[in-house]
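Q: File upload_28.cif below, mmCIF, C-alpha atoms:
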```
data_target
loop_
_atom_site.label_atom_id
_atom_site.label_comp_id
_atom_site.auth_asym_id
_atom_site.auth_seq_id
_atom_site.Cartn_x
_atom_site.Cartn_y
_atom_site.Cartn_z
CA MET C 262 -32.62 -47.97 -3.92
CA SER C 263 -32.60 -51.05 -1.77
CA GLN C 264 -32.54 -50.62 1.99
CA LEU C 265 -29.67 -52.61 3.39
CA PHE C 266 -30.77 -52.34 6.97
CA GLU C 267 -34.01 -52.38 8.86
CA PHE C 268 -35.23 -48.84 9.18
CA SER C 269 -38.21 -47.53 11.01
CA GLY C 270 -40.85 -46.25 8.63
CA ASP C 271 -42.05 -43.98 11.43
CA ARG C 272 -38.81 -42.04 11.36
CA GLU C 273 -39.19 -41.44 7.64
CA ALA C 274 -42.81 -40.40 8.01
CA SER C 275 -41.95 -38.12 10.90
CA SER C 276 -39.14 -36.39 9.00
CA ALA C 277 -41.35 -36.02 5.94
CA ALA C 278 -44.11 -34.46 8.06
CA LYS C 279 -41.68 -31.96 9.62
CA VAL C 280 -40.31 -30.93 6.23
CA ARG C 281 -43.84 -30.47 4.88
CA ALA C 282 -44.77 -28.36 7.91
CA LEU C 283 -41.61 -26.26 7.58
CA GLU C 284 -42.10 -25.61 3.89
CA ALA C 285 -45.80 -24.79 4.34
CA LEU C 286 -45.06 -22.26 7.10
CA LEU C 287 -42.24 -20.60 5.14
CA ILE C 288 -44.52 -20.25 2.12
CA GLU C 289 -47.39 -18.96 4.27
CA LYS C 290 -45.10 -16.30 5.78
CA GLY C 291 -43.85 -15.31 2.35
CA VAL C 292 -40.22 -16.24 3.11
CA ILE C 293 -40.04 -18.47 0.05
CA ALA C 294 -42.30 -19.04 -2.96
CA THR C 295 -44.22 -22.21 -3.70
CA ASP C 296 -41.75 -23.15 -6.44
CA SER C 297 -38.50 -22.14 -4.66
CA VAL C 298 -37.42 -25.71 -3.87
CA ASP C 299 -38.00 -26.88 -7.43
CA VAL C 300 -36.18 -23.86 -8.85
CA VAL C 301 -32.93 -24.51 -6.95
CA LEU C 302 -33.04 -28.26 -7.54
CA LYS C 303 -33.70 -27.79 -11.23
CA HIS C 304 -30.11 -26.61 -11.49
CA PHE C 305 -28.80 -30.00 -10.37
CA GLU C 306 -31.48 -32.11 -12.02
CA THR C 307 -31.78 -30.67 -15.49
CA MET C 308 -29.23 -27.91 -16.14
CA ALA C 309 -25.82 -29.01 -14.96
CA GLY C 310 -24.91 -32.66 -14.69
CA PRO C 311 -23.23 -35.68 -16.21
CA PHE C 312 -26.10 -36.07 -18.70
CA ASN C 313 -24.63 -33.08 -20.58
CA GLY C 314 -21.15 -34.57 -20.73
CA ALA C 315 -22.55 -37.90 -21.91
CA LYS C 316 -24.34 -36.21 -24.82
CA ILE C 317 -21.16 -34.40 -25.83
CA VAL C 318 -19.11 -37.61 -25.75
CA ALA C 319 -21.71 -39.59 -27.72
CA ARG C 320 -21.77 -36.91 -30.42
CA ALA C 321 -17.97 -37.01 -30.61
CA TRP C 322 -18.13 -40.79 -31.05
CA VAL C 323 -20.57 -40.69 -33.95
CA ASP C 324 -19.10 -37.62 -35.66
CA PRO C 325 -15.28 -37.53 -36.06
CA ASP C 326 -15.39 -33.93 -37.28
CA TYR C 327 -17.25 -32.95 -34.15
CA ALA C 328 -14.68 -34.84 -32.04
CA ARG C 329 -11.93 -32.76 -33.66
CA ARG C 330 -13.78 -29.49 -33.11
CA LEU C 331 -14.49 -30.46 -29.49
CA VAL C 332 -10.79 -30.75 -28.67
CA GLU C 333 -9.81 -27.66 -30.70
CA ASP C 334 -12.41 -25.30 -29.24
CA THR C 335 -14.43 -26.99 -26.52
CA PRO C 336 -16.86 -24.18 -25.59
CA LYS C 337 -17.66 -23.52 -29.26
CA ALA C 338 -18.25 -27.22 -29.97
CA ILE C 339 -20.45 -27.56 -26.88
CA ALA C 340 -22.47 -24.57 -28.04
CA GLU C 341 -23.30 -26.47 -31.24
CA LEU C 342 -25.40 -28.92 -29.23
CA SER C 343 -28.76 -27.95 -27.83
CA LEU C 344 -27.88 -28.30 -24.16
CA PRO C 345 -29.56 -26.42 -21.30
CA LEU C 346 -29.00 -22.67 -20.98
CA GLY C 347 -26.04 -21.75 -18.84
CA MET C 348 -23.76 -24.36 -20.37
CA ALA C 349 -21.81 -21.62 -22.12
CA GLY C 350 -21.75 -19.47 -18.99
CA ALA C 351 -19.01 -18.68 -16.55
CA GLU C 352 -18.05 -22.29 -15.86
CA GLY C 353 -18.72 -23.54 -19.37
CA GLU C 354 -16.41 -21.10 -21.10
CA HIS C 355 -13.44 -22.47 -19.16
CA MET C 356 -13.90 -26.08 -20.18
CA ALA C 357 -11.47 -28.02 -22.31
CA ALA C 358 -11.80 -31.58 -23.58
CA VAL C 359 -8.98 -34.06 -24.03
CA ALA C 360 -9.59 -37.26 -26.00
CA ASN C 361 -8.37 -40.74 -25.16
CA ASP C 362 -7.12 -42.78 -28.10
CA ALA C 363 -4.95 -45.76 -28.91
CA ASN C 364 -1.82 -43.90 -27.77
CA VAL C 365 -2.94 -41.71 -24.89
CA HIS C 366 -4.98 -42.09 -21.72
CA ASN C 367 -5.99 -38.86 -19.99
CA LEU C 368 -6.67 -38.35 -16.29
CA ILE C 369 -8.07 -35.18 -14.72
CA ILE C 370 -7.30 -34.08 -11.21
CA CYS C 371 -7.13 -30.81 -9.32
CA THR C 372 -4.09 -30.41 -7.11
CA LEU C 373 -5.14 -27.15 -5.50
CA CYS C 374 -8.82 -27.38 -4.80
CA SER C 375 -11.74 -29.11 -6.39
CA CYS C 376 -12.20 -27.27 -9.67
CA TYR C 377 -14.42 -29.43 -11.77
CA PRO C 378 -16.42 -28.96 -14.96
CA TRP C 379 -19.81 -29.00 -13.22
CA PRO C 380 -21.95 -28.28 -16.25
CA VAL C 381 -20.82 -31.49 -17.95
CA LEU C 382 -19.86 -33.83 -15.10
CA GLY C 383 -22.16 -32.85 -12.23
CA LEU C 384 -21.03 -33.23 -8.63
CA PRO C 385 -17.54 -34.64 -8.14
CA PRO C 386 -17.26 -37.96 -6.28
CA TYR C 387 -16.13 -38.07 -2.63
CA TRP C 388 -12.52 -38.92 -3.32
CA TYR C 389 -11.95 -36.16 -5.87
CA LYS C 390 -11.12 -33.65 -3.14
CA ASP C 391 -9.06 -36.14 -1.15
CA PRO C 392 -5.46 -34.86 -0.74
CA VAL C 393 -4.09 -38.38 -1.22
CA PHE C 394 -5.84 -38.82 -4.56
CA ARG C 395 -4.74 -35.35 -5.66
CA ALA C 396 -1.10 -35.98 -4.75
CA ARG C 397 -0.84 -39.56 -6.01
CA GLY C 398 -2.68 -38.74 -9.22
CA VAL C 399 0.27 -36.55 -10.20
CA ARG C 400 3.05 -38.70 -8.79
CA GLU C 401 1.96 -42.17 -9.85
CA PRO C 402 -1.06 -41.95 -12.14
CA ARG C 403 -0.65 -45.49 -13.49
CA ALA C 404 -0.78 -46.99 -10.00
CA VAL C 405 -3.84 -44.88 -9.13
CA LEU C 406 -5.56 -45.93 -12.36
CA GLN C 407 -4.81 -49.56 -11.64
CA GLU C 408 -6.50 -49.22 -8.26
CA PHE C 409 -9.55 -47.90 -10.11
CA GLY C 410 -9.43 -51.02 -12.27
CA VAL C 411 -8.00 -49.31 -15.34
CA GLN C 412 -4.94 -51.10 -16.74
CA VAL C 413 -3.09 -48.78 -19.06
CA PRO C 414 -0.62 -50.68 -21.27
CA ALA C 415 3.03 -49.59 -20.94
CA THR C 416 2.94 -48.56 -24.59
CA LYS C 417 0.22 -46.03 -23.88
CA GLU C 418 1.10 -42.60 -22.54
CA VAL C 419 -0.75 -41.32 -19.46
CA LYS C 420 -1.38 -37.58 -19.43
CA VAL C 421 -2.52 -35.89 -16.24
CA TRP C 422 -4.49 -32.65 -16.52
CA ASP C 423 -4.70 -30.36 -13.54
CA SER C 424 -7.95 -28.43 -13.47
CA SER C 425 -7.98 -24.89 -12.19
CA ALA C 426 -10.32 -21.94 -12.12
CA GLN C 427 -8.92 -21.04 -15.55
CA ILE C 428 -9.36 -24.40 -17.28
CA ARG C 429 -11.57 -27.30 -16.24
CA TRP C 430 -10.68 -30.42 -18.12
CA PHE C 431 -12.83 -33.38 -19.01
CA VAL C 432 -11.99 -36.56 -20.88
CA VAL C 433 -13.59 -37.90 -24.04
CA PRO C 434 -13.24 -41.64 -23.35
CA GLU C 435 -12.69 -44.17 -26.11
CA ARG C 436 -15.80 -45.64 -27.68
CA PRO C 437 -16.12 -49.27 -26.65
CA ALA C 438 -15.90 -51.97 -29.32
CA ASN C 439 -19.05 -53.63 -30.66
CA THR C 440 -21.24 -50.56 -30.28
CA GLU C 441 -21.67 -49.81 -33.99
CA HIS C 442 -25.35 -50.75 -33.81
CA LEU C 443 -26.15 -48.31 -30.98
CA SER C 444 -27.86 -44.96 -31.50
CA GLU C 445 -26.29 -41.73 -30.24
CA GLU C 446 -28.76 -41.73 -27.35
CA GLU C 447 -27.92 -45.32 -26.45
CA LEU C 448 -24.22 -44.49 -26.57
CA ALA C 449 -24.73 -41.50 -24.24
CA ALA C 450 -26.33 -43.84 -21.70
CA LEU C 451 -23.04 -45.78 -21.48
CA VAL C 452 -20.93 -42.76 -20.53
CA THR C 453 -20.23 -42.37 -16.79
CA PRO C 454 -18.82 -39.35 -14.95
CA GLU C 455 -15.83 -41.49 -13.94
CA SER C 456 -15.04 -42.23 -17.58
CA MET C 457 -15.05 -38.48 -18.28
CA MET C 458 -12.54 -38.02 -15.44
CA GLY C 459 -10.33 -40.72 -16.91
CA VAL C 460 -10.59 -43.09 -13.94
CA ALA C 461 -12.78 -45.59 -15.81
CA LEU C 462 -13.26 -46.93 -19.30
CA VAL C 463 -16.63 -47.06 -21.01
CA GLU C 464 -17.92 -50.59 -21.22
CA ALA C 465 -20.09 -51.91 -24.03
CA PRO C 466 -23.48 -53.15 -22.80
CA ALA C 467 -23.63 -56.86 -22.06
CA ALA C 468 -24.81 -58.70 -25.17
CA MET H 135 -14.63 -19.15 -9.31
CA PHE H 136 -18.18 -20.26 -8.83
CA THR H 137 -20.74 -17.83 -10.05
CA ARG H 138 -23.91 -19.73 -9.22
CA PHE H 139 -25.07 -19.99 -5.65
CA GLU H 140 -26.25 -23.58 -6.13
CA GLU H 141 -22.78 -24.68 -7.20
CA TYR H 142 -21.00 -22.68 -4.51
CA ALA H 143 -23.28 -24.20 -1.87
CA ALA H 144 -22.82 -27.79 -3.00
CA ALA H 145 -19.09 -27.37 -3.67
CA SER H 146 -18.44 -26.00 -0.20
CA MET H 147 -19.70 -29.27 1.28
CA LEU H 148 -17.76 -31.66 -0.92
CA GLY H 149 -14.98 -33.62 0.70
CA ALA H 150 -16.02 -32.24 4.09
CA PRO H 151 -17.83 -34.02 6.95
CA ASP H 152 -21.15 -32.51 5.83
CA SER H 153 -20.84 -33.84 2.27
CA PRO H 154 -24.24 -34.89 0.85
CA PRO H 155 -24.87 -38.41 -0.53
CA ARG H 156 -24.46 -38.57 -4.28
CA LEU H 157 -24.24 -41.11 -7.05
CA ASP H 158 -22.87 -40.79 -10.58
CA GLY H 159 -22.49 -37.03 -10.39
CA LYS H 160 -26.01 -36.46 -9.12
CA LEU H 161 -27.39 -35.79 -5.66
CA LEU H 162 -28.82 -38.96 -4.19
CA PHE H 163 -32.21 -38.60 -2.54
CA THR H 164 -33.82 -41.77 -1.27
CA ASN H 165 -37.03 -40.06 -0.28
CA ARG H 166 -38.96 -37.04 -1.46
CA TRP H 167 -38.57 -35.20 1.84
CA GLU H 168 -34.77 -35.38 1.53
CA ARG H 169 -34.93 -33.56 -1.79
CA ASP H 170 -37.32 -31.02 -0.29
CA VAL H 171 -35.22 -30.27 2.80
CA PHE H 172 -32.09 -29.88 0.66
CA GLY H 173 -33.96 -27.48 -1.61
CA LEU H 174 -35.37 -25.57 1.35
CA ALA H 175 -31.92 -24.98 2.86
CA LEU H 176 -30.57 -23.72 -0.46
CA SER H 177 -33.64 -21.57 -1.14
CA LEU H 178 -33.52 -19.92 2.28
CA SER H 179 -29.82 -19.12 2.08
CA LYS H 180 -30.18 -17.93 -1.50
CA ALA H 181 -32.96 -15.62 -0.31
CA GLY H 182 -30.55 -14.15 2.25
CA CYS H 183 -32.14 -15.65 5.38
CA PHE H 184 -28.76 -16.92 6.59
CA GLU H 185 -25.24 -17.39 5.30
CA TRP H 186 -24.62 -20.81 3.75
CA GLU H 187 -21.56 -21.18 5.97
CA ASP H 188 -23.77 -20.73 9.06
CA PHE H 189 -25.94 -23.59 7.85
CA ARG H 190 -22.86 -25.74 7.19
CA GLN H 191 -21.55 -25.16 10.70
CA SER H 192 -24.97 -26.07 12.09
CA LEU H 193 -24.90 -29.29 10.03
CA ILE H 194 -21.39 -30.16 11.14
CA ALA H 195 -22.49 -29.62 14.77
CA SER H 196 -25.56 -31.81 14.26
CA ILE H 197 -23.43 -34.60 12.78
CA ALA H 198 -20.94 -34.30 15.66
CA LYS H 199 -23.82 -34.57 18.14
CA TRP H 200 -24.93 -37.84 16.52
CA GLU H 201 -21.37 -39.15 16.52
CA ALA H 202 -21.04 -38.45 20.25
CA ILE H 203 -23.96 -40.75 21.13
CA GLU H 204 -22.75 -44.05 22.56
CA CYS H 205 -23.19 -46.99 20.18
CA ALA H 206 -25.87 -48.79 22.14
CA ASN H 207 -28.25 -45.84 21.93
CA GLN H 208 -27.15 -44.42 18.60
CA PRO H 209 -29.98 -44.22 16.07
CA ARG H 210 -29.20 -45.49 12.56
CA TRP H 211 -27.20 -42.92 10.59
CA ASP H 212 -29.38 -40.74 8.41
CA TYR H 213 -27.67 -37.79 6.71
CA TYR H 214 -30.88 -35.95 5.94
CA GLU H 215 -32.21 -36.29 9.49
CA ARG H 216 -29.11 -34.40 10.61
CA PHE H 217 -29.66 -31.99 7.74
CA LEU H 218 -33.22 -31.28 8.88
CA GLU H 219 -32.13 -30.81 12.49
CA ALA H 220 -29.40 -28.40 11.36
CA LEU H 221 -31.82 -26.46 9.20
CA LEU H 222 -34.36 -26.06 12.00
CA ASN H 223 -31.56 -24.81 14.28
CA VAL H 224 -30.26 -22.23 11.84
CA VAL H 225 -33.78 -21.12 10.90
CA GLU H 226 -34.37 -20.38 14.58
CA THR H 227 -31.01 -18.74 15.38
CA SER H 228 -31.23 -16.53 12.31
CA GLY H 229 -34.71 -15.40 13.38
CA VAL H 230 -36.53 -16.63 10.27
CA LEU H 231 -38.96 -18.51 12.52
CA SER H 232 -39.62 -18.22 16.24
CA ARG H 233 -38.89 -20.88 18.85
CA ARG H 234 -42.64 -21.54 19.12
CA GLU H 235 -42.96 -22.02 15.37
CA ILE H 236 -39.98 -24.40 15.35
CA GLU H 237 -41.51 -26.40 18.19
CA ALA H 238 -44.76 -26.73 16.25
CA ILE H 239 -42.84 -28.04 13.24
CA ALA H 240 -40.84 -30.48 15.39
CA ALA H 241 -44.13 -31.82 16.74
CA ALA H 242 -45.62 -32.33 13.26
CA ARG H 243 -46.87 -35.86 12.78
CA SER H 244 -47.45 -37.80 9.63
CA ARG H 245 -50.88 -37.56 8.14
#
```
Show this structure as structure tokens.

A:
Amino acid sequence: MSQLFEFSGDREASSAAKVRALEALLIEKGVIATDSVDVVLKHFETMAGPFNGAKIVARAWVDPDYARRLVEDTPKAIAELSLPLGMAGAEGEHMAAVANDANVHNLIICTLCSCYPWPVLGLPPYWYKDPVFRARGVREPRAVLQEFGVQVPATKEVKVWDSSAQIRWFVVPERPANTEHLSEEELAALVTPESMMGVALVEAPAA
Amino acid sequence: MFTRFEEYAAASMLGAPDSPPRLDGKLLFTNRWERDVFGLALSLSKAGCFEWEDFRQSLIASIAKWEAIECANQPRWDYYERFLEALLNVVETSGVLSRREIEAIAAARSR
């Protein structure tokens, strides 16, 4: 990541040294194990995250039967893919997919809290928990989408899905045009968390 | 309802003043030590050394302390510096490490 501002390298080195000293002492005293840090971070880095959702969407794009099964019984369809363990666990079993198509654009929000399908989308963005977004998403979804840069034609219906502890929705965005030549893996790389929330469209890679 | 500690811990911070930097659904760490200090805080709370909420309050206090510094003397904002300060505070108040041990860590210099 580029550094936008001048920043003292000493401060970085000093913080790094303190963290190393802290971890070393905690391990020496037996408070934590040598692999404790990696174990907790593994959850965010390899088990639950938007990389899972992207794989599910890409499969739905290349396999229409899978796309149908995904909407009909989301947890069962997800279980067909070899995703990390825990995907079908307590959060996974409450997930439900809704697919965008020529007639419908779907948007997910959560009016009460910040229920979110973590296993497939990862950490929600800052604004997801913002009361203004939550309220306006219900009241004027088209205006909110326009502010995100998504123009939904008047002929297309906008459906708003309110996530809860019982059901956590995610969107299967439309496959962009001119991507017939891409592999499933290449397609997955195009899918963003925002597109699976319905606040963005998936763009084809620049030719 | 969250059933995994990792998700509960991260979710409790979202949309709040102590919200961690993230990008495209993933935690954003610019340096290795930021990842390590985040993992240490989670590991310690998960091991029962302190309540996650106690750490959060310590982090919120550390951020407020930075915000209260007048502009001319305010060091550049660094979320994970505040995070480290908050962790050292809660590690001391919860008795995981002694004041002397914390002081030794605070004095650690780069190799």

Q: Contacts from chain C to chain H, 9 Å maximum, only C-alpha atoms: show me the residue list as a PyMOL selection string.

A: chain C and resi 262+266+268+271-284+286-287+292-293+297-302+304-306+310-311+351-352+375-376+379+382-391+426-427+453-455

Q: Would you mind exporting C-alpha atoms of the selected residues as a compact mmCIF listing (two decimals), in the coordinates of the input?

A:
```txt
# COMPACT_ATOMS: atom_id res chain seq x y z
CA MET C 262 -32.62 -47.97 -3.92
CA PHE C 266 -30.77 -52.34 6.97
CA PHE C 268 -35.23 -48.84 9.18
CA ASP C 271 -42.05 -43.98 11.43
CA ARG C 272 -38.81 -42.04 11.36
CA GLU C 273 -39.19 -41.44 7.64
CA ALA C 274 -42.81 -40.40 8.01
CA SER C 275 -41.95 -38.12 10.90
CA SER C 276 -39.14 -36.39 9.00
CA ALA C 277 -41.35 -36.02 5.94
CA ALA C 278 -44.11 -34.46 8.06
CA LYS C 279 -41.68 -31.96 9.62
CA VAL C 280 -40.31 -30.93 6.23
CA ARG C 281 -43.84 -30.47 4.88
CA ALA C 282 -44.77 -28.36 7.91
CA LEU C 283 -41.61 -26.26 7.58
CA GLU C 284 -42.10 -25.61 3.89
CA LEU C 286 -45.06 -22.26 7.10
CA LEU C 287 -42.24 -20.60 5.14
CA VAL C 292 -40.22 -16.24 3.11
CA ILE C 293 -40.04 -18.47 0.05
CA SER C 297 -38.50 -22.14 -4.66
CA VAL C 298 -37.42 -25.71 -3.87
CA ASP C 299 -38.00 -26.88 -7.43
CA VAL C 300 -36.18 -23.86 -8.85
CA VAL C 301 -32.93 -24.51 -6.95
CA LEU C 302 -33.04 -28.26 -7.54
CA HIS C 304 -30.11 -26.61 -11.49
CA PHE C 305 -28.80 -30.00 -10.37
CA GLU C 306 -31.48 -32.11 -12.02
CA GLY C 310 -24.91 -32.66 -14.69
CA PRO C 311 -23.23 -35.68 -16.21
CA ALA C 351 -19.01 -18.68 -16.55
CA GLU C 352 -18.05 -22.29 -15.86
CA SER C 375 -11.74 -29.11 -6.39
CA CYS C 376 -12.20 -27.27 -9.67
CA TRP C 379 -19.81 -29.00 -13.22
CA LEU C 382 -19.86 -33.83 -15.10
CA GLY C 383 -22.16 -32.85 -12.23
CA LEU C 384 -21.03 -33.23 -8.63
CA PRO C 385 -17.54 -34.64 -8.14
CA PRO C 386 -17.26 -37.96 -6.28
CA TYR C 387 -16.13 -38.07 -2.63
CA TRP C 388 -12.52 -38.92 -3.32
CA TYR C 389 -11.95 -36.16 -5.87
CA LYS C 390 -11.12 -33.65 -3.14
CA ASP C 391 -9.06 -36.14 -1.15
CA ALA C 426 -10.32 -21.94 -12.12
CA GLN C 427 -8.92 -21.04 -15.55
CA THR C 453 -20.23 -42.37 -16.79
CA PRO C 454 -18.82 -39.35 -14.95
CA GLU C 455 -15.83 -41.49 -13.94
```

Q: Determine, counting all atoms listed in the file, which protein, DNA and RNA residues have an atom within 9 Å of an atom of Ala357 of chain C; residues of the same chain fewer than 5 positions away are not included. Present the result as a list of chain:residue names.

A: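 The residues that qualify are C:Leu331, C:Val332, C:Glu333, C:Asp334, C:Thr335, C:Pro336, C:Pro378, C:Ile428, C:Arg429, C:Trp430, C:Phe431, C:Val432.
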
Q: Could you write out as a VMD selection string the residues that the PyMOL selection byres ((chain C and resi 450) around 12) matches in the shown file?

A: chain C and resid 311 to 319 443 to 449 451 to 454 463 to 466

Q: For the residues in that selection, give me C-alpha atoms as an mmCIF file, keeping the file's coordinate frame.

A:
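Now in out14.cif:
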```cif
data_model
loop_
_atom_site.group_PDB
_atom_site.id
_atom_site.type_symbol
_atom_site.label_atom_id
_atom_site.label_comp_id
_atom_site.auth_asym_id
_atom_site.auth_seq_id
_atom_site.Cartn_x
_atom_site.Cartn_y
_atom_site.Cartn_z
ATOM 1 C CA PRO C 311 -23.230 -35.680 -16.210
ATOM 2 C CA PHE C 312 -26.100 -36.070 -18.700
ATOM 3 C CA ASN C 313 -24.630 -33.080 -20.580
ATOM 4 C CA GLY C 314 -21.150 -34.570 -20.730
ATOM 5 C CA ALA C 315 -22.550 -37.900 -21.910
ATOM 6 C CA LYS C 316 -24.340 -36.210 -24.820
ATOM 7 C CA ILE C 317 -21.160 -34.400 -25.830
ATOM 8 C CA VAL C 318 -19.110 -37.610 -25.750
ATOM 9 C CA ALA C 319 -21.710 -39.590 -27.720
ATOM 10 C CA LEU C 443 -26.150 -48.310 -30.980
ATOM 11 C CA SER C 444 -27.860 -44.960 -31.500
ATOM 12 C CA GLU C 445 -26.290 -41.730 -30.240
ATOM 13 C CA GLU C 446 -28.760 -41.730 -27.350
ATOM 14 C CA GLU C 447 -27.920 -45.320 -26.450
ATOM 15 C CA LEU C 448 -24.220 -44.490 -26.570
ATOM 16 C CA ALA C 449 -24.730 -41.500 -24.240
ATOM 17 C CA LEU C 451 -23.040 -45.780 -21.480
ATOM 18 C CA VAL C 452 -20.930 -42.760 -20.530
ATOM 19 C CA THR C 453 -20.230 -42.370 -16.790
ATOM 20 C CA PRO C 454 -18.820 -39.350 -14.950
ATOM 21 C CA VAL C 463 -16.630 -47.060 -21.010
ATOM 22 C CA GLU C 464 -17.920 -50.590 -21.220
ATOM 23 C CA ALA C 465 -20.090 -51.910 -24.030
ATOM 24 C CA PRO C 466 -23.480 -53.150 -22.800
#
```

Q: If I take atom CA of Glu408 of chain C and atom CA of Ala396 of chain C, how far is one from the other in Å, to one decimal?

A: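 Distance reported for this atom pair: 14.7 Å.
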
Q: Any chance you could resolve the PyMOL selection byres ((chain H and resi 196-198) around 8) against this file and give the residues as a PyMOL selection string?

A: chain H and resi 152+192-195+199-202+216-217+219-220

Q: Ranking C:Val365, C:Val381, C:Leu344, C:Ile370 by minimum distance to Arg400 of chain C and counting only C-alpha atoms, which one comes first?

A: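 Comparing C:Val365, C:Val381, C:Leu344, C:Ile370 against Arg400 of chain C, the winner is C:Ile370.
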
Q: Could you state the separation of atom CA of Arg403 of chain C and atom CA of Tyr327 of chain C in Å, given to one decimal place?

A: 29.3 Å

Q: What are the centre and the three edge lengths of an axis-aligned box that wraps all atoms of segment 418-432 of chain C in the file, given that 4 Å is added to every side, written as lines of an AutoDock Vina configuration file and rounded to one decimal in Å?

A:
```
center_x = -5.9
center_y = -31.8
center_z = -17.3
size_x = 21.9
size_y = 29.6
size_z = 18.4
```

Q: Which distance in Å separates atom CA of Ala309 of chain C and atom CA of Pro345 of chain C, to one decimal?

A: 7.8 Å

Q: Pick out the closest residue to Ala143 of chain H from this set: H:Ser232, H:Trp211, H:Glu185, H:Asn223. Count only C-alpha atoms.

A: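 Going through H:Ser232, H:Trp211, H:Glu185, H:Asn223 one by one, the smallest distance to Ala143 of chain H is for H:Glu185.
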
Q: Please, could N, CA and C atoms be added to segment 218-232 of chain H and the result written as a PDB file, keeping the file's coordinate frame?

A:
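File written: part-v1.pdb
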```
ATOM      1  N   LEU H 218     -31.983 -31.927   8.442  1.00  0.00           N
ATOM      2  CA  LEU H 218     -33.220 -31.280   8.880  1.00  0.00           C
ATOM      3  C   LEU H 218     -33.039 -30.630  10.254  1.00  0.00           C
ATOM      4  N   GLU H 219     -32.383 -31.361  11.159  1.00  0.00           N
ATOM      5  CA  GLU H 219     -32.130 -30.810  12.490  1.00  0.00           C
ATOM      6  C   GLU H 219     -31.301 -29.522  12.384  1.00  0.00           C
ATOM      7  N   ALA H 220     -30.279 -29.566  11.542  1.00  0.00           N
ATOM      8  CA  ALA H 220     -29.400 -28.400  11.360  1.00  0.00           C
ATOM      9  C   ALA H 220     -30.165 -27.230  10.768  1.00  0.00           C
ATOM     10  N   LEU H 221     -31.055 -27.532   9.831  1.00  0.00           N
ATOM     11  CA  LEU H 221     -31.820 -26.460   9.200  1.00  0.00           C
ATOM     12  C   LEU H 221     -32.769 -25.805  10.203  1.00  0.00           C
ATOM     13  N   LEU H 222     -33.446 -26.628  11.001  1.00  0.00           N
ATOM     14  CA  LEU H 222     -34.360 -26.060  12.000  1.00  0.00           C
ATOM     15  C   LEU H 222     -33.576 -25.179  12.988  1.00  0.00           C
ATOM     16  N   ASN H 223     -32.376 -25.616  13.358  1.00  0.00           N
ATOM     17  CA  ASN H 223     -31.560 -24.810  14.280  1.00  0.00           C
ATOM     18  C   ASN H 223     -31.190 -23.463  13.671  1.00  0.00           C
ATOM     19  N   VAL H 224     -30.732 -23.484  12.439  1.00  0.00           N
ATOM     20  CA  VAL H 224     -30.260 -22.230  11.840  1.00  0.00           C
ATOM     21  C   VAL H 224     -31.442 -21.316  11.494  1.00  0.00           C
ATOM     22  N   VAL H 225     -32.581 -21.908  11.184  1.00  0.00           N
ATOM     23  CA  VAL H 225     -33.780 -21.120  10.900  1.00  0.00           C
ATOM     24  C   VAL H 225     -34.215 -20.381  12.174  1.00  0.00           C
ATOM     25  N   GLU H 226     -34.010 -21.040  13.317  1.00  0.00           N
ATOM     26  CA  GLU H 226     -34.370 -20.380  14.580  1.00  0.00           C
ATOM     27  C   GLU H 226     -33.327 -19.326  14.978  1.00  0.00           C
ATOM     28  N   THR H 227     -32.044 -19.697  14.933  1.00  0.00           N
ATOM     29  CA  THR H 227     -31.010 -18.740  15.380  1.00  0.00           C
ATOM     30  C   THR H 227     -30.936 -17.514  14.476  1.00  0.00           C
ATOM     31  N   SER H 228     -31.284 -17.687  13.210  1.00  0.00           N
ATOM     32  CA  SER H 228     -31.230 -16.530  12.310  1.00  0.00           C
ATOM     33  C   SER H 228     -32.516 -15.701  12.393  1.00  0.00           C
ATOM     34  N   GLY H 229     -33.489 -16.182  13.170  1.00  0.00           N
ATOM     35  CA  GLY H 229     -34.710 -15.400  13.380  1.00  0.00           C
ATOM     36  C   GLY H 229     -35.739 -15.506  12.262  1.00  0.00           C
ATOM     37  N   VAL H 230     -35.546 -16.460  11.353  1.00  0.00           N
ATOM     38  CA  VAL H 230     -36.530 -16.630  10.270  1.00  0.00           C
ATOM     39  C   VAL H 230     -37.858 -17.108  10.861  1.00  0.00           C
ATOM     40  N   LEU H 231     -37.773 -18.038  11.798  1.00  0.00           N
ATOM     41  CA  LEU H 231     -38.960 -18.510  12.520  1.00  0.00           C
ATOM     42  C   LEU H 231     -38.690 -18.422  14.023  1.00  0.00           C
ATOM     43  N   SER H 232     -39.762 -18.323  14.793  1.00  0.00           N
ATOM     44  CA  SER H 232     -39.620 -18.220  16.240  1.00  0.00           C
ATOM     45  C   SER H 232     -39.466 -19.603  16.875  1.00  0.00           C
TER      46      SER H 232
END
```
